[in-house]
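A.B. asks: Structure file final-v5.pdb, PDB, C-alpha atoms, is pasted below:
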```pdb
ATOM      1  CA  MET A  22      92.035 -19.687  51.976
ATOM      2  CA  ASP A  23      89.416 -20.674  49.417
ATOM      3  CA  LYS A  24      85.682 -20.212  49.855
ATOM      4  CA  SER A  25      84.937 -23.901  50.305
ATOM      5  CA  HIS A  26      87.393 -24.061  53.181
ATOM      6  CA  ARG A  27      85.947 -20.928  54.796
ATOM      7  CA  SER A  28      82.360 -22.089  54.425
ATOM      8  CA  SER A  29      83.113 -25.221  56.482
ATOM      9  CA  VAL A  30      83.474 -23.123  59.643
ATOM     10  CA  HIS A  31      80.260 -21.313  58.803
ATOM     11  CA  ARG A  32      78.509 -24.651  58.357
ATOM     12  CA  VAL A  33      79.816 -25.985  61.681
ATOM     13  CA  LEU A  34      78.345 -22.935  63.429
ATOM     14  CA  GLY A  35      74.923 -23.697  61.993
ATOM     15  CA  GLY A  36      75.104 -21.797  58.716
ATOM     16  CA  GLY A  37      72.402 -19.329  59.749
ATOM     17  CA  ALA A  38      72.092 -15.786  61.048
ATOM     18  CA  VAL A  39      73.990 -16.630  64.246
ATOM     19  CA  ALA A  40      76.950 -17.921  62.242
ATOM     20  CA  ASP A  41      76.888 -14.761  60.136
ATOM     21  CA  VAL A  42      77.101 -12.625  63.274
ATOM     22  CA  ILE A  43      79.871 -14.700  64.879
ATOM     23  CA  LEU A  44      81.989 -14.698  61.704
ATOM     24  CA  TRP A  45      81.330 -10.979  61.092
ATOM     25  CA  ARG A  46      79.725 -11.611  57.711
ATOM     26  CA  LYS A  47      77.003  -9.169  58.750
ATOM     27  CA  TRP A  48      79.071  -6.264  60.004
ATOM     28  CA  THR A  49      76.133  -4.168  61.164
ATOM     29  CA  ARG A  50      74.605  -6.963  63.243
ATOM     30  CA  SER A  51      77.941  -8.059  64.680
ATOM     31  CA  THR A  52      78.860  -4.499  65.609
ATOM     32  CA  ALA A  53      75.437  -3.900  67.140
ATOM     33  CA  PHE A  54      75.713  -7.109  69.163
ATOM     34  CA  LEU A  55      79.162  -6.124  70.433
ATOM     35  CA  VAL A  56      78.082  -2.577  71.299
ATOM     36  CA  VAL A  57      74.941  -3.723  73.111
ATOM     37  CA  SER A  58      76.867  -6.386  75.040
ATOM     38  CA  THR A  59      79.521  -3.871  76.057
ATOM     39  CA  ALA A  60      76.901  -1.316  77.088
ATOM     40  CA  LEU A  61      75.015  -3.848  79.202
ATOM     41  CA  TRP A  62      78.213  -5.057  80.851
ATOM     42  CA  PHE A  63      79.280  -1.490  81.661
ATOM     43  CA  LEU A  64      75.793  -0.632  82.902
ATOM     44  CA  PHE A  65      75.541  -3.541  85.317
ATOM     45  CA  GLU A  66      79.197  -4.105  86.229
ATOM     46  CA  ARG A  67      80.717  -0.626  86.335
ATOM     47  CA  ALA A  68      77.753   1.681  86.834
ATOM     48  CA  GLY A  69      76.264  -0.632  89.442
ATOM     49  CA  TYR A  70      72.795  -0.739  87.912
ATOM     50  CA  ASN A  71      70.531  -3.501  89.179
ATOM     51  CA  LEU A  72      69.358  -6.055  86.616
ATOM     52  CA  LEU A  73      65.864  -6.384  88.063
ATOM     53  CA  SER A  74      65.369  -2.614  88.180
ATOM     54  CA  PHE A  75      66.682  -2.244  84.639
ATOM     55  CA  MET A  76      64.337  -4.904  83.242
ATOM     56  CA  SER A  77      61.375  -3.436  85.120
ATOM     57  CA  ASN A  78      62.090   0.081  83.865
ATOM     58  CA  VAL A  79      62.547  -1.072  80.277
ATOM     59  CA  LEU A  80      59.309  -3.062  80.335
ATOM     60  CA  LEU A  81      57.464  -0.180  82.005
ATOM     61  CA  LEU A  82      58.698   2.259  79.356
ATOM     62  CA  LEU A  83      57.758  -0.157  76.574
ATOM     63  CA  ILE A  84      54.270  -0.719  77.971
ATOM     64  CA  VAL A  85      53.660   3.022  78.381
ATOM     65  CA  ILE A  86      54.790   3.715  74.796
ATOM     66  CA  LEU A  87      52.607   0.954  73.364
ATOM     67  CA  PHE A  88      49.598   1.993  75.432
ATOM     68  CA  CYS A  89      49.881   5.647  74.425
ATOM     69  CA  TRP A  90      50.460   4.630  70.800
ATOM     70  CA  ALA A  91      47.352   2.437  70.751
ATOM     71  CA  LYS A  92      45.182   5.122  72.378
ATOM     72  CA  SER A  93      46.391   7.899  70.069
ATOM     73  CA  ALA A  94      45.960   5.606  67.043
ATOM     74  CA  SER A  95      42.310   4.977  67.897
ATOM     75  CA  ILE A  96      41.654   8.701  68.374
ATOM     76  CA  LEU A  97      43.570   9.954  65.326
ATOM     77  CA  ASN A  98      42.656   7.011  63.075
ATOM     78  CA  ARG A  99      46.293   5.950  62.803
ATOM     79  CA  PRO A 100      47.593   2.386  62.411
ATOM     80  CA  LEU A 101      48.154   0.377  65.566
ATOM     81  CA  PRO A 102      51.669  -0.581  66.754
ATOM     82  CA  PRO A 103      53.208  -3.092  64.305
ATOM     83  CA  LEU A 104      53.506  -5.935  66.790
ATOM     84  CA  PRO A 105      53.893  -9.531  65.619
ATOM     85  CA  SER A 106      51.686 -12.322  66.881
ATOM     86  CA  LEU A 107      52.587 -12.541  70.575
ATOM     87  CA  GLU A 108      52.480 -16.302  70.939
ATOM     88  CA  ILE A 109      54.828 -19.257  70.713
ATOM     89  CA  SER A 110      53.896 -21.806  68.085
ATOM     90  CA  GLU A 111      53.638 -25.484  68.911
ATOM     91  CA  GLU A 112      56.331 -26.262  66.341
ATOM     92  CA  THR A 113      58.792 -23.928  68.074
ATOM     93  CA  THR A 114      58.003 -25.456  71.471
ATOM     94  CA  VAL A 115      58.470 -29.016  70.202
ATOM     95  CA  LYS A 116      61.740 -28.106  68.488
ATOM     96  CA  ALA A 117      63.109 -26.438  71.636
ATOM     97  CA  ALA A 118      62.024 -29.409  73.766
ATOM     98  CA  ASP A 119      63.727 -31.872  71.404
ATOM     99  CA  GLU A 120      66.923 -29.834  71.452
ATOM    100  CA  MET A 121      66.880 -29.678  75.241
ATOM    101  CA  ARG A 122      66.182 -33.403  75.457
ATOM    102  CA  VAL A 123      69.300 -34.165  73.413
ATOM    103  CA  TRP A 124      71.513 -32.097  75.717
ATOM    104  CA  VAL A 125      69.941 -33.520  78.888
ATOM    105  CA  ASN A 126      70.418 -37.080  77.641
ATOM    106  CA  TYR A 127      74.031 -36.289  76.769
ATOM    107  CA  VAL A 128      74.715 -34.989  80.291
ATOM    108  CA  LEU A 129      72.967 -37.998  81.819
ATOM    109  CA  SER A 130      75.014 -40.367  79.672
ATOM    110  CA  ILE A 131      78.222 -38.736  80.948
ATOM    111  CA  ALA A 132      76.999 -39.083  84.534
ATOM    112  CA  HIS A 133      76.158 -42.730  83.836
ATOM    113  CA  ASP A 134      79.620 -43.421  82.417
ATOM    114  CA  ILE A 135      81.236 -41.950  85.537
ATOM    115  CA  ALA A 136      78.944 -43.271  88.269
ATOM    116  CA  ILE A 137      78.016 -46.675  86.811
ATOM    117  CA  GLY A 138      80.582 -47.462  84.152
ATOM    118  CA  GLY A 139      83.592 -46.188  86.070
ATOM    119  CA  ASN A 140      85.051 -44.590  82.937
ATOM    120  CA  ARG A 141      88.349 -43.069  84.050
ATOM    121  CA  ARG A 142      88.853 -41.079  80.859
ATOM    122  CA  VAL A 143      85.446 -39.381  81.079
ATOM    123  CA  PHE A 144      85.909 -38.821  84.822
ATOM    124  CA  LEU A 145      89.256 -37.120  84.274
ATOM    125  CA  LYS A 146      87.899 -34.903  81.483
ATOM    126  CA  VAL A 147      84.879 -33.787  83.509
ATOM    127  CA  ALA A 148      86.950 -33.205  86.640
ATOM    128  CA  ALA A 149      89.513 -31.147  84.705
ATOM    129  CA  LEU A 150      86.790 -29.101  83.006
ATOM    130  CA  LEU A 151      85.015 -28.361  86.298
ATOM    131  CA  TRP A 152      88.312 -27.402  87.923
ATOM    132  CA  VAL A 153      89.154 -25.007  85.087
ATOM    133  CA  ILE A 154      85.688 -23.426  85.303
ATOM    134  CA  SER A 155      86.029 -23.067  89.076
ATOM    135  CA  TYR A 156      89.519 -21.589  88.740
ATOM    136  CA  ILE A 157      88.464 -19.055  86.111
ATOM    137  CA  GLY A 158      85.304 -18.210  88.050
ATOM    138  CA  SER A 159      87.398 -17.245  91.079
ATOM    139  CA  PHE A 160      88.803 -14.282  89.112
ATOM    140  CA  PHE A 161      85.554 -12.967  87.580
ATOM    141  CA  ASN A 162      81.929 -12.718  88.556
ATOM    142  CA  PHE A 163      79.217 -14.360  86.477
ATOM    143  CA  LEU A 164      78.342 -11.272  84.417
ATOM    144  CA  THR A 165      81.946 -10.535  83.513
ATOM    145  CA  LEU A 166      82.460 -14.184  82.604
ATOM    146  CA  ILE A 167      79.487 -14.044  80.221
ATOM    147  CA  TYR A 168      80.862 -10.853  78.655
ATOM    148  CA  ILE A 169      84.266 -12.492  78.169
ATOM    149  CA  CYS A 170      82.525 -15.447  76.493
ATOM    150  CA  VAL A 171      80.759 -13.002  74.163
ATOM    151  CA  LEU A 172      84.065 -11.376  73.226
ATOM    152  CA  LEU A 173      85.678 -14.756  72.635
ATOM    153  CA  SER A 174      82.746 -15.900  70.490
ATOM    154  CA  LEU A 175      83.215 -12.821  68.298
ATOM    155  CA  THR A 176      86.977 -13.225  67.931
ATOM    156  CA  LEU A 177      88.099 -16.871  68.120
ATOM    157  CA  PRO A 178      85.844 -18.253  65.333
ATOM    158  CA  VAL A 179      86.942 -15.457  62.998
ATOM    159  CA  LEU A 180      90.610 -16.096  63.706
ATOM    160  CA  TYR A 181      90.125 -19.834  63.273
ATOM    161  CA  ASP A 182      88.246 -19.278  60.031
ATOM    162  CA  LYS A 183      91.119 -17.173  58.714
ATOM    163  CA  TYR A 184      94.077 -19.196  60.016
ATOM    164  CA  GLN A 185      92.567 -22.674  60.195
ATOM    165  CA  ASN A 186      95.495 -24.632  58.699
ATOM    166  CA  PRO A 187      98.295 -23.360  61.006
ATOM    167  CA  ILE A 188      95.969 -23.544  64.030
ATOM    168  CA  ASP A 189      95.078 -27.156  63.218
ATOM    169  CA  ASP A 190      98.770 -28.005  62.955
ATOM    170  CA  LYS A 191      99.549 -26.462  66.348
ATOM    171  CA  MET A 192      96.514 -28.093  67.952
ATOM    172  CA  SER A 193      97.509 -31.469  66.544
ATOM    173  CA  VAL A 194     100.963 -31.173  68.113
ATOM    174  CA  ALA A 195      99.455 -30.043  71.423
ATOM    175  CA  TYR A 196      96.969 -32.925  71.339
ATOM    176  CA  ASP A 197      99.754 -35.471  70.785
ATOM    177  CA  ILE A 198     101.706 -34.076  73.736
ATOM    178  CA  ALA A 199      98.630 -34.084  75.973
ATOM    179  CA  ARG A 200      97.772 -37.648  74.919
ATOM    180  CA  VAL A 201     101.251 -38.865  75.780
ATOM    181  CA  GLN A 202     101.097 -37.185  79.187
ATOM    182  CA  TYR A 203      97.642 -38.620  79.836
ATOM    183  CA  GLU A 204      98.826 -42.126  78.986
ATOM    184  CA  LYS A 205     101.677 -41.721  81.471
ATOM    185  CA  ILE A 206      99.289 -40.527  84.198
ATOM    186  CA  ASP A 207      96.823 -43.281  83.325
ATOM    187  CA  SER A 208      99.438 -46.012  83.562
ATOM    188  CA  LEU A 209     101.078 -44.688  86.731
ATOM    189  CA  ILE A 210      98.067 -43.495  88.740
ATOM    190  CA  LEU A 211      94.611 -43.907  87.247
ATOM    191  CA  GLN A 212      94.826 -47.630  86.479
ATOM    192  CA  LYS A 213      95.732 -48.284  90.097
ATOM    193  CA  ILE A 214      92.505 -46.646  91.319
ATOM    194  CA  PRO A 215      89.799 -49.322  91.748
ATOM    195  CA  PHE A 216      86.806 -48.308  89.618
ATOM    196  CA  HIS A 217      84.169 -51.022  89.714
ATOM    197  CA  SER A 218      80.795 -50.739  88.038
ATOM    198  CA  LYS A 219      77.620 -52.234  89.457
ATOM    199  CA  LYS A 220      77.612 -54.847  86.702
ATOM    200  CA  GLU A 221      81.050 -56.058  87.798
ATOM    201  CA  LYS A 222      79.877 -56.250  91.424
ATOM    202  CA  LYS A 223      76.892 -58.366  90.458
ATOM    203  CA  THR A 224      79.059 -60.863  88.594
ATOM    204  CA  GLU A 225      81.477 -61.266  91.516
TER
END
```
Kindly present the structure from the file in structure tokens form.
C.D. replies:
Amino acid sequence: MDKSHRSSVHRVLGGGAVADVILWRKWTRSTAFLVVSTALWFLFERAGYNLLSFMSNVLLLLIVILFCWAKSASILNRPLPPLPSLEISEETTVKAADEMRVWVNYVLSIAHDIAIGGNRRVFLKVAALLWVISYIGSFFNFLTLIYICVLLSLTLPVLYDKYQNPIDDKMSVAYDIARVQYEKIDSLILQKIPFHSKKEKKTE
């Protein structure tokens, strides 16, 4: 696979440091992320450590180290701890708010299509997605599910980046089969369900 084809996946993932980690282009960072995620999962899931206690102990240890460092630096004329500016810039806040606004509006538009527009296709997709999430969640707890998502994020994009052409061919065939089955279900069942929007009720 040529570089231009491989870079498209990197660009879809944002083209930044996160994409480099997901696609294992920065082996040290990707390995560190995997090791830390595995250690945290083992610590909380297998060793039975409490998340609140762990965070409190880590913060307590960090505060004690920084306090002792600052006091010893003032006595021994040593440099202070190299901490960055501990504040969130207005630009970062505005950017995060804009990003959140886009996602919230997207979710609200889906809810509008289902509740007001009576969109059967969107309703079926959302219902199927929620059922799959509920079914998978019955086998794992929330922490294990997050860890599985981390493992998948570090494996599936790499495999897709390497074998994109055969995967696209298989997915295209699977999509055609699913579309045909959906059209059968839509014609036999879904179209017989009365979905009326508020606009249609007003015109009647």
A.B. asks: Give me the residues within 12 Å of range 71-84 of chain A as number ranges by chain, counting all atoms listed in the file and dropping any in the same chain fewer than 6 places off.
C.D. replies: A: 61-65, 90-91, 102, 164
A.B. asks: What's the separation between CA of Arg141 in chain A and CA of Met192 in chain A, in Å to one decimal place?
C.D. replies: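 CA of Arg141 in chain A sits 23.5 Å away from CA of Met192 in chain A.
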A.B. asks: Have a look at A:Leu177, A:Ile206, A:Leu34, A:Val57 and name the one nearest to Arg142 in chain A; count all atoms listed in the file.
C.D. replies: A:Ile206
A.B. asks: Edge lengths and centre, in Å to one decimal, as AutoDock Vina command-line options: that's what I need for the box along x, y and z that holds all listed atoms of range 40-57 of chain A plus 6 Å on each side.
C.D. replies:
```
--center_x 78.3 --center_y -10.2 --center_z 65.4 --size_x 19.4 --size_y 27.3 --size_z 27.4
```
A.B. asks: Between CA of Asn126 in chain A and CA of Trp152 in chain A, measure the distance and give it in Å to one decimal.
C.D. replies: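 Atom-to-atom, CA of Asn126 in chain A and CA of Trp152 in chain A are spaced 22.8 Å apart.
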A.B. asks: CA of His31 in chain A and CA of Ser174 in chain A are how many Å apart?
C.D. replies: 13.1 Å
A.B. asks: Given the choices A:Tyr168, A:Phe161, A:Tyr184, A:Tyr203, which gets closest to Val56 in chain A if the distance is worked out from only C-alpha atoms?
C.D. replies: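 Closest to Val56 in chain A of all the choices is A:Tyr168.
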A.B. asks: Residues within 12 Å of Gly37 in chain A, please, as a ChimeraX atom specification. Count all atoms listed in the file; anything in the same chain fewer than 5 positions from it doesn't count.
C.D. replies: /A:28,30-32,42-44,46-47
A.B. asks: With distances taken over all atoms listed in the file, which residue among A:Asp134, A:Ser95, A:Val128, A:Pro178 lies nearest Val33 in chain A?
C.D. replies: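 So, comparing all the options, the nearest one is A:Pro178.
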A.B. asks: If you count only C-alpha atoms, which residues fall within 10 Å of Ile135 in chain A, apart from same-chain ones fewer than 5 positions away, as a list in words?
C.D. replies: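 So, after excluding close chain neighbours, the residues are Leu129, Ser130, Asn140, Arg141, Arg142, Val143, Phe144, Leu145, Val147, Phe216 and Ser218 of chain A.
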A.B. asks: Of the candidates A:Leu151, A:Leu175, A:Ala132, A:Ala53, which one gets nearest to Ala40 in chain A if we count all atoms listed in the file?
C.D. replies: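 The answer is A:Leu175, which sits nearest to Ala40 in chain A.
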A.B. asks: From the structure block, carefully write range 32-68 of chain A out with N, CA and C atoms; format it as a PDB file, in the first residue's frame.
C.D. replies:
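And here is the file that came out, part-v6.pdb:
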```pdb
ATOM      1  N   ARG A  32      -5.163  10.824   8.318  1.00  0.00           N
ATOM      2  CA  ARG A  32      -5.864  12.106   8.208  1.00  0.00           C
ATOM      3  C   ARG A  32      -7.281  12.004   8.759  1.00  0.00           C
ATOM      4  N   VAL A  33      -7.944  10.875   8.551  1.00  0.00           N
ATOM      5  CA  VAL A  33      -9.291  10.689   9.089  1.00  0.00           C
ATOM      6  C   VAL A  33      -9.271  10.707  10.612  1.00  0.00           C
ATOM      7  N   LEU A  34      -8.220  10.184  11.217  1.00  0.00           N
ATOM      8  CA  LEU A  34      -8.097  10.154  12.668  1.00  0.00           C
ATOM      9  C   LEU A  34      -7.650  11.478  13.260  1.00  0.00           C
ATOM     10  N   GLY A  35      -7.499  12.487  12.447  1.00  0.00           N
ATOM     11  CA  GLY A  35      -7.136  13.808  12.949  1.00  0.00           C
ATOM     12  C   GLY A  35      -5.761  14.270  12.539  1.00  0.00           C
ATOM     13  N   GLY A  36      -4.889  13.329  12.162  1.00  0.00           N
ATOM     14  CA  GLY A  36      -3.563  13.687  11.684  1.00  0.00           C
ATOM     15  C   GLY A  36      -2.636  14.264  12.724  1.00  0.00           C
ATOM     16  N   GLY A  37      -2.939  14.091  14.009  1.00  0.00           N
ATOM     17  CA  GLY A  37      -2.107  14.654  15.060  1.00  0.00           C
ATOM     18  C   GLY A  37      -1.430  13.581  15.890  1.00  0.00           C
ATOM     19  N   ALA A  38      -1.130  13.953  17.148  1.00  0.00           N
ATOM     20  CA  ALA A  38      -0.430  13.026  18.039  1.00  0.00           C
ATOM     21  C   ALA A  38      -1.293  11.819  18.380  1.00  0.00           C
ATOM     22  N   VAL A  39      -2.617  12.040  18.502  1.00  0.00           N
ATOM     23  CA  VAL A  39      -3.512  10.918  18.814  1.00  0.00           C
ATOM     24  C   VAL A  39      -3.520   9.901  17.680  1.00  0.00           C
ATOM     25  N   ALA A  40      -3.542  10.380  16.451  1.00  0.00           N
ATOM     26  CA  ALA A  40      -3.504   9.471  15.300  1.00  0.00           C
ATOM     27  C   ALA A  40      -2.182   8.707  15.250  1.00  0.00           C
ATOM     28  N   ASP A  41      -1.107   9.375  15.610  1.00  0.00           N
ATOM     29  CA  ASP A  41       0.199   8.697  15.640  1.00  0.00           C
ATOM     30  C   ASP A  41       0.209   7.560  16.650  1.00  0.00           C
ATOM     31  N   VAL A  42      -0.421   7.785  17.807  1.00  0.00           N
ATOM     32  CA  VAL A  42      -0.466   6.749  18.835  1.00  0.00           C
ATOM     33  C   VAL A  42      -1.361   5.593  18.397  1.00  0.00           C
ATOM     34  N   ILE A  43      -2.526   5.903  17.841  1.00  0.00           N
ATOM     35  CA  ILE A  43      -3.464   4.852  17.429  1.00  0.00           C
ATOM     36  C   ILE A  43      -2.885   3.991  16.315  1.00  0.00           C
ATOM     37  N   LEU A  44      -2.179   4.619  15.374  1.00  0.00           N
ATOM     38  CA  LEU A  44      -1.604   3.872  14.243  1.00  0.00           C
ATOM     39  C   LEU A  44      -0.198   3.358  14.528  1.00  0.00           C
ATOM     40  N   TRP A  45       0.260   3.480  15.765  1.00  0.00           N
ATOM     41  CA  TRP A  45       1.562   2.972  16.194  1.00  0.00           C
ATOM     42  C   TRP A  45       2.718   3.575  15.395  1.00  0.00           C
ATOM     43  N   ARG A  46       2.567   4.841  15.000  1.00  0.00           N
ATOM     44  CA  ARG A  46       3.675   5.522  14.340  1.00  0.00           C
ATOM     45  C   ARG A  46       4.670   6.071  15.346  1.00  0.00           C
ATOM     46  N   LYS A  47       4.234   6.188  16.593  1.00  0.00           N
ATOM     47  CA  LYS A  47       5.111   6.517  17.716  1.00  0.00           C
ATOM     48  C   LYS A  47       5.098   5.321  18.656  1.00  0.00           C
ATOM     49  N   TRP A  48       6.031   4.408  18.434  1.00  0.00           N
ATOM     50  CA  TRP A  48       6.006   3.136  19.151  1.00  0.00           C
ATOM     51  C   TRP A  48       6.130   3.323  20.658  1.00  0.00           C
ATOM     52  N   THR A  49       6.956   4.253  21.085  1.00  0.00           N
ATOM     53  CA  THR A  49       7.146   4.435  22.525  1.00  0.00           C
ATOM     54  C   THR A  49       5.864   4.926  23.191  1.00  0.00           C
ATOM     55  N   ARG A  50       5.198   5.899  22.567  1.00  0.00           N
ATOM     56  CA  ARG A  50       3.962   6.422  23.145  1.00  0.00           C
ATOM     57  C   ARG A  50       2.844   5.393  23.101  1.00  0.00           C
ATOM     58  N   SER A  51       2.738   4.672  21.998  1.00  0.00           N
ATOM     59  CA  SER A  51       1.691   3.656  21.886  1.00  0.00           C
ATOM     60  C   SER A  51       1.897   2.543  22.910  1.00  0.00           C
ATOM     61  N   THR A  52       3.152   2.106  23.049  1.00  0.00           N
ATOM     62  CA  THR A  52       3.448   1.061  24.022  1.00  0.00           C
ATOM     63  C   THR A  52       3.192   1.544  25.439  1.00  0.00           C
ATOM     64  N   ALA A  53       3.585   2.778  25.731  1.00  0.00           N
ATOM     65  CA  ALA A  53       3.342   3.334  27.063  1.00  0.00           C
ATOM     66  C   ALA A  53       1.852   3.435  27.358  1.00  0.00           C
ATOM     67  N   PHE A  54       1.072   3.860  26.356  1.00  0.00           N
ATOM     68  CA  PHE A  54      -0.372   3.967  26.536  1.00  0.00           C
ATOM     69  C   PHE A  54      -0.996   2.605  26.795  1.00  0.00           C
ATOM     70  N   LEU A  55      -0.545   1.581  26.065  1.00  0.00           N
ATOM     71  CA  LEU A  55      -1.064   0.236  26.251  1.00  0.00           C
ATOM     72  C   LEU A  55      -0.679  -0.320  27.618  1.00  0.00           C
ATOM     73  N   VAL A  56       0.569  -0.104  28.022  1.00  0.00           N
ATOM     74  CA  VAL A  56       1.030  -0.619  29.315  1.00  0.00           C
ATOM     75  C   VAL A  56       0.296   0.060  30.465  1.00  0.00           C
ATOM     76  N   VAL A  57       0.143   1.377  30.385  1.00  0.00           N
ATOM     77  CA  VAL A  57      -0.554   2.103  31.448  1.00  0.00           C
ATOM     78  C   VAL A  57      -2.021   1.678  31.518  1.00  0.00           C
ATOM     79  N   SER A  58      -2.665   1.533  30.359  1.00  0.00           N
ATOM     80  CA  SER A  58      -4.064   1.103  30.351  1.00  0.00           C
ATOM     81  C   SER A  58      -4.220  -0.285  30.946  1.00  0.00           C
ATOM     82  N   THR A  59      -3.316  -1.191  30.578  1.00  0.00           N
ATOM     83  CA  THR A  59      -3.373  -2.547  31.125  1.00  0.00           C
ATOM     84  C   THR A  59      -3.124  -2.547  32.621  1.00  0.00           C
ATOM     85  N   ALA A  60      -2.163  -1.751  33.072  1.00  0.00           N
ATOM     86  CA  ALA A  60      -1.866  -1.688  34.508  1.00  0.00           C
ATOM     87  C   ALA A  60      -3.041  -1.132  35.296  1.00  0.00           C
ATOM     88  N   LEU A  61      -3.676  -0.091  34.777  1.00  0.00           N
ATOM     89  CA  LEU A  61      -4.833   0.482  35.471  1.00  0.00           C
ATOM     90  C   LEU A  61      -6.001  -0.501  35.508  1.00  0.00           C
ATOM     91  N   TRP A  62      -6.227  -1.189  34.385  1.00  0.00           N
ATOM     92  CA  TRP A  62      -7.309  -2.173  34.361  1.00  0.00           C
ATOM     93  C   TRP A  62      -7.043  -3.292  35.358  1.00  0.00           C
ATOM     94  N   PHE A  63      -5.821  -3.791  35.405  1.00  0.00           N
ATOM     95  CA  PHE A  63      -5.487  -4.867  36.349  1.00  0.00           C
ATOM     96  C   PHE A  63      -5.592  -4.367  37.785  1.00  0.00           C
ATOM     97  N   LEU A  64      -5.180  -3.128  38.015  1.00  0.00           N
ATOM     98  CA  LEU A  64      -5.200  -2.575  39.365  1.00  0.00           C
ATOM     99  C   LEU A  64      -6.621  -2.447  39.897  1.00  0.00           C
ATOM    100  N   PHE A  65      -7.527  -1.960  39.060  1.00  0.00           N
ATOM    101  CA  PHE A  65      -8.889  -1.723  39.526  1.00  0.00           C
ATOM    102  C   PHE A  65      -9.785  -2.954  39.387  1.00  0.00           C
ATOM    103  N   GLU A  66      -9.569  -3.748  38.329  1.00  0.00           N
ATOM    104  CA  GLU A  66     -10.470  -4.859  38.047  1.00  0.00           C
ATOM    105  C   GLU A  66     -10.042  -6.137  38.747  1.00  0.00           C
ATOM    106  N   ARG A  67      -8.765  -6.457  38.721  1.00  0.00           N
ATOM    107  CA  ARG A  67      -8.297  -7.717  39.288  1.00  0.00           C
ATOM    108  C   ARG A  67      -7.813  -7.563  40.721  1.00  0.00           C
ATOM    109  N   ALA A  68      -7.063  -6.502  40.987  1.00  0.00           N
ATOM    110  CA  ALA A  68      -6.549  -6.312  42.343  1.00  0.00           C
ATOM    111  C   ALA A  68      -7.595  -5.732  43.279  1.00  0.00           C
TER     112      ALA A  68
END
```
